[in-house]
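The data block below is run06.cif; it holds mmCIF, C-alpha atoms.
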data_query
loop_
_atom_site.label_atom_id
_atom_site.label_comp_id
_atom_site.auth_asym_id
_atom_site.auth_seq_id
_atom_site.Cartn_x
_atom_site.Cartn_y
_atom_site.Cartn_z
CA MET A 12 212.19 13.88 99.87
CA SER A 13 209.13 12.60 98.04
CA GLY A 14 208.14 9.07 99.00
CA ARG A 15 210.63 8.91 101.85
CA LEU A 16 210.42 9.33 105.58
CA LEU A 17 212.77 10.18 108.43
CA ARG A 18 212.19 7.30 110.85
CA TRP A 19 213.27 7.02 114.46
CA ALA A 20 215.56 4.12 115.36
CA CYS A 21 216.35 3.38 119.00
CA ALA A 22 219.89 2.44 119.99
CA GLY A 23 220.14 1.96 123.74
CA SER A 24 218.93 5.21 125.31
CA ALA A 25 219.64 7.38 122.24
CA LEU A 26 217.88 7.84 118.92
CA SER A 27 219.20 8.58 115.48
CA ALA A 28 217.38 9.74 112.36
CA LEU A 29 217.58 7.52 109.33
CA VAL A 30 216.09 7.86 105.87
CA ALA A 31 213.94 4.89 104.88
CA PRO A 32 211.11 4.11 102.46
CA LEU A 33 207.61 4.60 103.79
CA PRO A 34 206.26 1.39 105.35
CA SER A 35 203.07 -0.14 104.04
CA PRO A 36 200.07 1.08 106.10
CA PRO A 37 198.44 -1.51 108.36
CA PRO A 38 195.10 -2.99 107.30
CA ALA A 39 192.15 -0.69 107.98
CA HIS A 40 190.62 -3.28 110.30
CA ALA A 41 193.75 -3.80 112.37
CA ALA A 42 193.25 -2.79 116.01
CA PRO A 43 195.90 -0.62 117.70
CA GLY A 44 198.31 -2.48 119.96
CA PRO A 45 197.60 -2.60 123.69
CA ALA A 46 199.30 -0.29 126.15
CA PRO A 47 202.62 -1.66 127.34
CA ALA A 48 202.51 -3.32 130.73
CA PRO A 49 204.46 -1.74 133.60
CA GLY A 50 207.72 -3.39 134.47
CA GLU A 51 211.39 -3.22 133.67
CA ARG A 52 211.69 -1.37 130.39
CA SER A 53 214.58 0.32 128.68
CA VAL A 54 214.40 4.05 127.99
CA ALA A 55 214.36 3.34 124.26
CA THR A 56 211.40 0.97 124.69
CA LEU A 57 209.50 3.48 126.83
CA LEU A 58 210.08 6.22 124.29
CA THR A 59 208.99 3.99 121.42
CA ASP A 60 205.84 2.99 123.32
CA LEU A 61 204.96 6.59 124.16
CA GLN A 62 205.56 7.74 120.59
CA ARG A 63 203.33 4.95 119.31
CA LEU A 64 200.51 5.76 121.72
CA TYR A 65 200.69 9.49 121.00
CA ARG A 66 200.76 8.81 117.27
CA GLU A 67 197.70 6.55 117.54
CA ALA A 68 195.94 9.25 119.59
CA GLU A 69 196.71 11.83 116.92
CA GLU A 70 195.54 9.51 114.14
CA SER A 71 192.26 9.05 116.01
CA THR A 72 192.04 12.81 116.53
CA GLU A 73 192.43 13.54 112.82
CA THR A 74 189.84 10.85 112.02
CA TYR A 75 187.51 12.58 114.48
CA ASN A 76 188.20 15.98 112.87
CA ALA A 77 187.52 14.64 109.37
CA THR A 78 184.27 13.01 110.47
CA ASP A 79 183.24 16.16 112.31
CA ASP A 80 183.77 18.22 109.14
CA LYS A 81 181.69 15.79 107.09
CA LEU A 82 178.99 15.75 109.76
CA THR A 83 178.82 19.55 109.74
CA ASP A 84 178.41 19.56 105.94
CA GLN A 85 175.79 16.82 106.14
CA ARG A 86 173.80 18.73 108.74
CA ARG A 87 173.74 21.73 106.41
CA ARG A 88 172.53 19.49 103.60
CA VAL A 89 169.77 18.03 105.78
CA ALA A 90 168.69 21.53 106.87
CA ASP A 91 168.61 22.72 103.23
CA LEU A 92 166.56 19.72 102.14
CA ASP A 93 164.18 20.24 105.05
CA ARG A 94 163.62 23.87 103.99
CA ARG A 95 163.03 22.88 100.39
CA LEU A 96 160.69 20.07 101.46
CA ALA A 97 158.67 22.43 103.67
CA ALA A 98 158.30 24.88 100.74
CA ALA A 99 157.28 22.03 98.39
CA ARG A 100 154.68 20.76 100.85
CA THR A 101 153.26 24.27 101.24
CA ALA A 102 152.99 24.53 97.44
CA VAL A 103 151.25 21.14 97.30
CA ARG A 104 148.83 22.20 100.03
CA ASP A 105 148.03 25.41 98.12
CA GLY A 106 147.63 23.38 94.94
CA ARG A 107 145.21 21.01 96.60
CA GLY A 108 143.19 23.98 97.80
CA ALA A 109 143.04 25.31 94.26
CA ALA A 110 142.04 21.87 92.97
CA GLY A 111 139.26 21.74 95.55
CA ARG A 112 137.91 25.07 94.39
CA LEU A 113 137.99 23.88 90.80
CA ALA A 114 136.09 20.73 91.77
CA ARG A 115 133.39 22.80 93.49
CA GLN A 116 133.07 25.08 90.49
CA GLN A 117 132.80 22.08 88.19
CA TYR A 118 130.13 20.59 90.40
CA GLN A 119 128.13 23.84 90.26
CA ASN A 120 128.47 24.05 86.48
CA ASN A 121 129.29 20.52 85.33
CA SER A 122 129.20 21.12 81.60
CA VAL A 123 131.64 23.67 80.41
CA GLU A 124 130.93 22.79 76.81
CA ILE A 125 127.13 23.29 77.10
CA SER A 126 127.60 26.50 79.08
CA SER A 127 129.98 27.74 76.40
CA TYR A 128 127.54 26.80 73.60
CA VAL A 129 124.58 28.49 75.31
CA ARG A 130 126.58 31.62 75.94
CA LEU A 131 127.55 31.75 72.29
CA LEU A 132 123.89 31.45 71.21
CA LEU A 133 122.83 34.23 73.57
CA ALA A 134 125.72 36.55 72.76
CA ARG A 135 124.64 39.98 71.48
CA SER A 136 127.44 40.16 68.94
CA PRO A 137 130.00 37.87 67.23
CA ARG A 138 132.74 39.91 68.92
CA GLY A 139 131.22 39.29 72.34
CA ALA A 140 130.93 35.57 71.53
CA LEU A 141 134.60 35.39 70.62
CA ASP A 142 135.57 37.25 73.82
CA GLN A 143 133.57 34.80 75.89
CA ARG A 144 135.18 31.83 74.15
CA HIS A 145 138.63 33.30 74.81
CA VAL A 146 137.83 33.70 78.49
CA LEU A 147 136.51 30.15 78.68
CA ARG A 148 139.59 28.76 76.97
CA ARG A 149 141.82 30.64 79.41
CA ALA A 150 139.83 29.32 82.35
CA ALA A 151 140.17 25.77 81.04
CA ALA A 152 143.90 26.27 80.49
CA ASP A 153 144.25 27.66 84.00
CA ARG A 154 142.47 24.62 85.42
CA ALA A 155 144.73 22.27 83.45
CA ALA A 156 147.82 24.19 84.57
CA ALA A 157 146.68 24.02 88.21
CA VAL A 158 146.29 20.25 87.96
CA THR A 159 149.73 19.94 86.33
CA ARG A 160 151.32 22.08 89.03
CA LEU A 161 149.67 19.95 91.70
CA VAL A 162 150.92 16.70 90.16
CA ASP A 163 154.43 18.09 89.62
CA GLY A 164 154.48 19.55 93.12
CA GLU A 165 153.55 16.23 94.67
CA LYS A 166 156.27 14.46 92.68
CA ARG A 167 158.82 17.08 93.75
CA ALA A 168 157.75 16.84 97.39
CA ASP A 169 157.98 13.05 97.28
CA GLY A 170 161.48 13.23 95.77
CA LEU A 171 162.64 15.79 98.34
CA ALA A 172 161.19 13.69 101.15
CA ARG A 173 163.16 10.65 99.98
CA ALA A 174 166.35 12.73 99.58
CA ALA A 175 165.87 14.23 103.05
CA GLN A 176 165.42 10.78 104.54
CA ARG A 177 168.61 9.51 102.86
CA ALA A 178 170.51 12.61 104.01
CA LEU A 179 169.29 12.12 107.56
CA ALA A 180 170.36 8.46 107.49
CA ALA A 181 173.81 9.55 106.24
CA GLN A 182 173.99 12.12 109.05
CA GLU A 183 173.14 9.48 111.65
CA SER A 184 175.79 7.15 110.19
CA LEU A 185 178.40 9.94 110.34
CA ALA A 186 177.40 10.71 113.93
CA ARG A 187 178.03 7.08 114.87
CA ARG A 188 181.43 7.20 113.11
CA GLN A 189 182.25 10.39 115.01
CA GLU A 190 181.40 8.69 118.29
CA ARG A 191 183.67 5.76 117.44
CA ALA A 192 186.50 8.15 116.52
CA ARG A 193 185.97 10.08 119.75
CA ASP A 194 186.06 6.85 121.72
CA GLY A 195 189.27 5.89 119.90
CA VAL A 196 190.91 9.16 120.99
CA ARG A 197 189.83 8.67 124.57
CA THR A 198 191.09 5.09 124.60
CA ARG A 199 194.51 6.09 123.29
CA LEU A 200 194.77 8.95 125.77
CA ARG A 201 193.86 6.66 128.67
CA GLU A 202 196.66 4.31 127.57
CA VAL A 203 199.09 7.24 127.49
CA GLU A 204 198.01 8.27 130.99
CA GLU A 205 198.43 4.72 132.26
CA LEU A 206 201.92 4.43 130.83
CA LEU A 207 202.97 7.84 132.13
CA ALA A 208 201.55 7.01 135.55
CA SER A 209 203.71 3.87 135.62
CA LEU A 210 206.91 5.87 135.08
CA SER A 211 209.09 7.16 137.86
CA ALA A 212 210.38 10.71 137.73
CA GLU A 213 213.79 9.35 136.76
CA GLU A 214 212.33 7.28 133.90
CA LEU A 215 210.31 10.22 132.60
CA ALA A 216 213.36 12.49 132.69
CA ALA A 217 215.46 9.86 130.90
CA VAL A 218 212.79 9.44 128.22
CA GLY A 219 212.70 13.21 127.74
CA ARG A 220 216.47 13.34 127.36
CA ALA A 221 216.42 10.48 124.87
CA GLU A 222 213.73 12.16 122.83
CA ARG A 223 215.59 15.47 122.74
CA ALA A 224 218.75 13.63 121.71
CA GLY A 225 216.84 11.92 118.92
CA ALA A 226 215.32 15.19 117.72
CA ASP A 227 218.71 16.91 117.72
CA ALA A 228 220.31 14.01 115.85
CA ALA A 229 217.52 14.01 113.29
CA GLN A 230 217.88 17.76 112.80
CA ARG A 231 221.65 17.52 112.30
CA GLU A 232 221.14 14.68 109.82
CA LEU A 233 218.56 16.69 107.90
CA VAL A 234 220.69 19.83 107.70
CA ALA A 235 223.81 17.88 106.74
CA SER A 236 221.93 16.10 103.97
CA GLY A 237 221.30 19.39 102.17
CA ALA A 238 217.57 18.64 102.04
CA LEU A 239 216.84 22.16 103.35
CA GLY A 240 218.99 23.84 100.70
CA ALA A 241 222.12 25.87 101.23
CA PRO A 242 222.99 26.49 104.91
CA GLY A 243 221.99 29.96 106.04
CA ALA A 244 219.71 30.54 103.05
CA ARG A 245 216.71 32.63 104.09
CA ARG A 246 213.47 33.03 102.23
CA ALA A 247 210.62 35.44 102.81
CA PRO A 248 206.97 34.43 103.07
CA SER A 249 204.11 35.87 101.08
CA ALA A 250 201.97 38.56 102.72
CA ARG A 251 199.41 35.92 103.74
CA GLY A 252 202.15 33.57 104.87
CA GLU A 253 203.61 36.30 107.07
CA ARG A 254 200.23 36.88 108.72
CA ALA A 255 199.89 33.11 109.27
CA VAL A 256 203.35 32.96 110.87
CA ARG A 257 202.63 35.88 113.20
CA TYR A 258 199.30 34.37 114.23
CA ALA A 259 200.88 30.99 114.98
CA VAL A 260 203.71 32.55 117.01
CA ALA A 261 201.13 34.50 119.04
CA GLN A 262 199.57 31.16 120.10
CA ILE A 263 202.77 29.82 121.68
CA GLY A 264 202.08 28.56 125.18
CA LYS A 265 198.43 27.65 124.58
CA PRO A 266 197.52 24.02 125.37
CA TYR A 267 197.01 21.18 122.95
CA GLU A 268 193.47 19.81 122.99
CA TRP A 269 192.23 17.17 120.58
CA GLY A 270 189.63 18.52 118.15
CA ALA A 271 190.31 22.14 119.20
CA GLU A 272 190.48 24.95 116.63
CA GLY A 273 191.27 27.84 119.00
CA PRO A 274 191.36 30.44 120.19
CA ALA A 275 192.06 29.05 123.69
CA SER A 276 193.55 25.68 122.64
CA PHE A 277 194.48 23.81 119.48
CA ASP A 278 195.28 20.48 117.98
CA CYS A 279 197.94 20.38 115.26
CA SER A 280 195.75 20.94 112.20
CA GLY A 281 193.43 23.28 114.09
CA LEU A 282 196.42 25.58 114.62
CA THR A 283 197.58 25.53 110.99
CA GLN A 284 194.05 26.01 109.66
CA ARG A 285 193.38 28.93 112.01
CA ALA A 286 196.77 30.51 111.26
CA TRP A 287 196.19 30.48 107.52
CA GLY A 288 192.61 31.65 108.07
CA ALA A 289 194.07 34.66 109.89
CA GLY A 290 196.33 35.08 106.87
CA GLY A 291 193.30 35.27 104.59
CA ARG A 292 193.45 31.80 103.03
CA GLU A 293 190.97 29.07 103.96
CA ILE A 294 192.53 25.60 104.01
CA PRO A 295 191.10 22.15 104.88
CA ARG A 296 190.58 21.18 108.50
CA THR A 297 192.63 18.01 108.88
CA SER A 298 196.33 17.33 108.40
CA GLN A 299 195.52 14.58 105.87
CA GLU A 300 193.37 16.94 103.79
CA GLN A 301 195.94 19.71 104.03
CA TRP A 302 198.57 17.28 102.75
CA ALA A 303 196.31 15.86 100.04
CA ARG A 304 194.78 19.07 98.70
CA LEU A 305 197.42 21.78 99.05
CA PRO A 306 200.29 22.23 96.57
CA ARG A 307 203.46 20.29 97.46
CA VAL A 308 206.76 22.09 97.87
CA PRO A 309 210.27 20.56 98.16
CA LEU A 310 211.94 20.91 101.55
CA ARG A 311 214.83 22.77 99.94
CA GLN A 312 212.37 25.48 98.87
CA LEU A 313 210.64 25.90 102.25
CA ARG A 314 209.75 29.43 103.24
CA PRO A 315 208.02 30.73 106.39
CA GLY A 316 204.32 29.91 106.41
CA ASP A 317 204.67 26.60 104.57
CA LEU A 318 203.19 23.58 106.30
CA VAL A 319 205.42 20.64 107.23
CA VAL A 320 203.69 17.25 107.36
CA TYR A 321 204.78 14.25 109.44
CA PHE A 322 204.33 10.46 109.64
CA PRO A 323 203.31 8.09 106.81
CA LYS A 324 199.60 8.83 107.27
CA ALA A 325 200.07 12.63 107.42
CA THR A 326 198.73 12.67 110.98
CA HIS A 327 200.76 15.62 112.27
CA ILE A 328 201.41 19.03 110.80
CA ALA A 329 203.37 22.17 111.74
CA LEU A 330 203.97 25.66 110.37
CA TYR A 331 207.48 26.49 109.18
CA LEU A 332 209.13 29.53 110.77
CA GLY A 333 212.45 29.48 108.91
CA ASP A 334 215.95 28.56 110.07
CA GLY A 335 214.97 24.90 110.38
CA LEU A 336 212.26 25.58 113.00
CA VAL A 337 208.51 24.99 113.10
CA VAL A 338 205.71 26.10 115.41
CA HIS A 339 203.10 23.48 116.21
CA ALA A 340 200.69 21.99 118.74
CA PRO A 341 202.71 18.81 119.43
CA ARG A 342 200.21 16.45 121.10
CA PRO A 343 198.25 15.89 124.35
CA GLY A 344 199.99 17.21 127.42
CA ALA A 345 202.09 19.71 125.47
CA LYS A 346 201.60 23.35 124.54
CA VAL A 347 202.02 25.20 121.27
CA LYS A 348 205.78 25.62 120.90
CA VAL A 349 208.74 25.95 118.58
CA SER A 350 210.63 22.78 117.65
CA PRO A 351 213.33 21.65 115.22
CA LEU A 352 211.80 20.81 111.86
CA ALA A 353 212.93 17.17 112.20
CA ALA A 354 211.49 16.65 115.70
CA ASN A 355 209.02 14.18 114.13
CA PRO A 356 209.47 11.84 111.12
CA LEU A 357 209.07 13.98 108.00
CA LEU A 358 206.69 13.20 105.17
CA GLY A 359 206.85 16.40 103.13
CA ALA A 360 205.62 19.99 102.91
CA VAL A 361 202.82 22.00 101.27
CA ARG A 362 202.34 25.68 100.45
CA PRO A 363 198.79 27.05 100.71
CA ASP A 364 199.56 30.05 98.47
CA ARG A 365 201.92 28.66 95.86
CA GLY A 366 202.76 31.32 93.31
CA ALA A 367 202.31 34.23 95.74
CA THR A 368 205.11 36.82 95.71
CA PRO A 369 207.38 36.98 98.78
CA VAL A 370 207.20 40.17 100.83
CA PRO A 371 210.25 42.48 100.68
CA ASP A 372 212.35 43.13 103.79
CA TYR A 373 210.76 40.35 105.84
CA ARG A 374 211.53 40.40 109.55
CA PRO A 375 210.65 37.25 111.49
CA PRO A 376 208.45 37.76 114.57
CA ARG A 377 210.18 37.79 117.93
CA LEU A 378 209.68 34.51 119.76
CA PRO A 379 208.42 34.72 123.34
CA ALA A 380 210.55 33.52 126.22
CA GLY A 381 210.36 29.76 126.62
CA ALA A 382 209.08 29.23 123.07
CA ARG A 383 211.23 26.11 122.72
CA ALA A 384 210.79 24.83 126.28
CA GLY A 385 209.32 21.38 126.88
CA ALA A 386 209.45 18.12 125.01
CA ASP A 387 209.11 18.58 121.26
CA THR A 388 206.60 15.76 121.00
CA GLY A 389 204.73 16.34 124.24
CA LEU A 390 205.93 13.81 126.78
CA SER A 391 204.59 15.67 129.81
CA ALA A 392 201.62 14.04 131.52
CA PRO A 393 198.22 14.94 130.01
#

Rewrite the coordinates I just gave you, this time as structure tokens.
Amino acid sequence: MSGRLLRWACAGSALSALVAPLPSPPPAHAAPGPAPAPGERSVATLLTDLQRLYREAEESTETYNATDDKLTDQRRRVADLDRRLAAARTAVRDGRGAAGRLARQQYQNNSVEISSYVRLLLARSPRGALDQRHVLRRAAADRAAAVTRLVDGEKRADGLARAAQRALAAQESLARRQERARDGVRTRLREVEELLASLSAEELAAVGRAERAGADAAQRELVASGALGAPGARRAPSARGERAVRYAVAQIGKPYEWGAEGPASFDCSGLTQRAWGAGGREIPRTSQEQWARLPRVPLRQLRPGDLVVYFPKATHIALYLGDGLVVHAPRPGAKVKVSPLAANPLLGAVRPDRGATPVPDYRPPRLPAGARAGADTGLSAP
């Protein structure tokens, strides 16, 4: 399914899943569309609008997560440079103290050469004269080395100070980007709330029914296409994948929260990262990075624990359970739940532990009651 996407198409109040090439991404500077105005709208239009707003909110959330990760790394870099700079400045201060002592000694005996010559003349033996000369040479070498260390230390401190300043400026720039991403999430969520508030109970129920119909149609289309392999084929996860699956299933019912990494709430990539962390494999934080950096796997080879990625920009991600089902944190207003694999437009799948041996005699975890309850893409009010 490489390079292709299952895309929703509205037809009256129902949806069907079609396979179509990925659309070209919008320009980076393009602003998201405004929230739809209240009024007479078809169920299909309402569903399309809600899906768009939720998708934009999730895109902003993943941008926030990526920036937050970079900001955390940058703060560590700034702290490391600050420690190194403090040590370099202490060394320079000590070096200046040593240089001051040398200057005072030189002032008290301002002619090393004459002192050396006089000592040689007054020496009681040639051996003693040679010993004195050796000591004097060592003292001169020590003074030269102290000066060199001082000069080098000052250069190093100056370089570290400039690097620390650049790192701090980069941190401040990232912090501003994080604030913009956070504001973008909040804006999208306000638009979702406004649209949901404009819906009657009947409209909301009709939208939910249309979405479920679309998800079911997409799932049937996917299974019938053979993209998941032979019907009824079951594969076992690796040992780490099994632990990831069991962790994810244990989170069912916990709320979605943008930017959350658990344990009380999750966003989509926070759940998959934490699940695989529980399995003993660290993976990137965001859905885009998980898609970009983890090994790809064809849908027909999916096994429990693999990560299923959605939308052209890889802005949503879920953990595969087997039997055409995934567990995921759908989006704001929803809870961690089990959904059909095709509940969102598919982009592809990745396997964090490609090459790992499947466990023998795998038994899937028991799903809690109500694991599949609720809209698969989170259409309840935030």

Self-check item: Target residues per the PyMOL selection byres ((chain A and resi 383) around 6), formatted as a list in words
Solution: Lys348, Val349, Gly381, Ala382 and Ala384 of chain A

Go ahead and save the picked residues with C-alpha atoms, as an mmCIF file, in the coordinates of the input.
data_model
loop_
_atom_site.group_PDB
_atom_site.id
_atom_site.type_symbol
_atom_site.label_atom_id
_atom_site.label_comp_id
_atom_site.auth_asym_id
_atom_site.auth_seq_id
_atom_site.Cartn_x
_atom_site.Cartn_y
_atom_site.Cartn_z
ATOM 1 C CA LYS A 348 205.780 25.620 120.900
ATOM 2 C CA VAL A 349 208.740 25.950 118.580
ATOM 3 C CA GLY A 381 210.360 29.760 126.620
ATOM 4 C CA ALA A 382 209.080 29.230 123.070
ATOM 5 C CA ALA A 384 210.790 24.830 126.280
#

Exercise. Would you list the contacts of Pro295 in chain A as an MDAnalysis selection string, taking every protein, DNA or RNA residue within 10 Å and counting all atoms listed in the file, but skipping same-chain residues closer than 6 positions in sequence?
Key: chainID A and resid 77 80 280:281 283:284 301:305

Self-check item: Nearest-residue call for His327 in chain A, choices A:Thr59, A:Ser350, A:Asn355, A:Thr74, using all atoms listed in the file
Solution: A:Asn355

Practice problem: Please identify all polymer residues within 9 Å of Pro379 in chain A, counting all atoms listed in the file, omitting same-chain residues fewer than 6 positions from it, and present them as a list in words. | Solution: Val260, Ala261 and Ile263 of chain A

Practice problem: Figure out the distance between CA of Arg296 in chain A and CA of Gln312 in chain A, please, to one decimal in Å. | Solution: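 For CA of Gln312 in chain A relative to CA of Arg296 in chain A, the distance reads 24.2 Å.
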
Self-check item: Expected answer as a PyMOL selection string: all residues with atoms within 9 Å of (212.1, 30.0, 110.5), only C-alpha atoms
Solution: chain A and resi 245-246+314-316+331-338+375

Quiz item: Of the residues A:Arg365, A:Arg88, A:Arg251, A:Arg257, which is the one nearest to Arg292 in chain A, using only C-alpha atoms?
Solution: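 Of the candidates, the smallest distance to Arg292 in chain A is held by A:Arg251.
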
Practice problem: Mind giving me the straight-line distance from CA of Val234 in chain A to CA of Gln62 in chain A in Å, one decimal? | Solution: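 It comes out at 23.3 Å.
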
Can you translate the PyMOL selection byres ((chain A and resi 172) around 10) into the concrete residues it hits in this file, as a CSV table (one decimal) with C-alpha atoms, in the coordinates of the input?
chain,number,residue,atom,x,y,z
A,92,LEU,CA,166.6,19.7,102.1
A,93,ASP,CA,164.2,20.2,105.0
A,95,ARG,CA,163.0,22.9,100.4
A,96,LEU,CA,160.7,20.1,101.5
A,97,ALA,CA,158.7,22.4,103.7
A,99,ALA,CA,157.3,22.0,98.4
A,100,ARG,CA,154.7,20.8,100.8
A,166,LYS,CA,156.3,14.5,92.7
A,167,ARG,CA,158.8,17.1,93.8
A,168,ALA,CA,157.8,16.8,97.4
A,169,ASP,CA,158.0,13.0,97.3
A,170,GLY,CA,161.5,13.2,95.8
A,171,LEU,CA,162.6,15.8,98.3
A,173,ARG,CA,163.2,10.6,100.0
A,174,ALA,CA,166.4,12.7,99.6
A,175,ALA,CA,165.9,14.2,103.0
A,176,GLN,CA,165.4,10.8,104.5
A,177,ARG,CA,168.6,9.5,102.9
A,178,ALA,CA,170.5,12.6,104.0

Pull the closest atom pair for each residue of range 193-264 of chain A that gets at most 10 Å from range 359-364 of chain A, along with the distance in Å to one decimal, counting all atoms listed in the file, ordering rows by chain and then ascending residue number, as a Markdown table.
| residue | atom | partner | partner_atom | distance |
| --- | --- | --- | --- | --- |
| A:Pro248 | CA | A:Asp364 | CA | 9.8 |
| A:Ser249 | CA | A:Asp364 | CA | 7.8 |
| A:Ala250 | CA | A:Asp364 | CA | 9.8 |
| A:Arg251 | CA | A:Asp364 | CA | 7.9 |
| A:Gly252 | CA | A:Asp364 | CA | 7.7 |

Exercise. To verify the selection step, state as number ranges by chain which residues the PyMOL selection byres ((chain A and resi 64) around 9) yields on this input.
Key: A: 43-44, 46, 59-63, 65-69, 199-200, 202-203

Quiz prompt | Which residue of A:Asp79, A:Glu204, A:Asp194, A:Glu222 approaches Leu58 in chain A most closely, using all atoms listed in the file | solution = A:Glu222

Quiz prompt | Atom-to-atom span, CA of Glu70 in chain A and CA of Glu272 in chain A, Å | solution =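 Atom-to-atom, CA of Glu70 in chain A to CA of Glu272 in chain A, that is 16.4 Å.
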
Self-check item: Exercise: Tyr258 in chain A partners within 8 Å, all atoms listed in the file, chain neighbours under 6 positions left out, as an MDAnalysis selection string
Solution: chainID A and resid 286 289:290
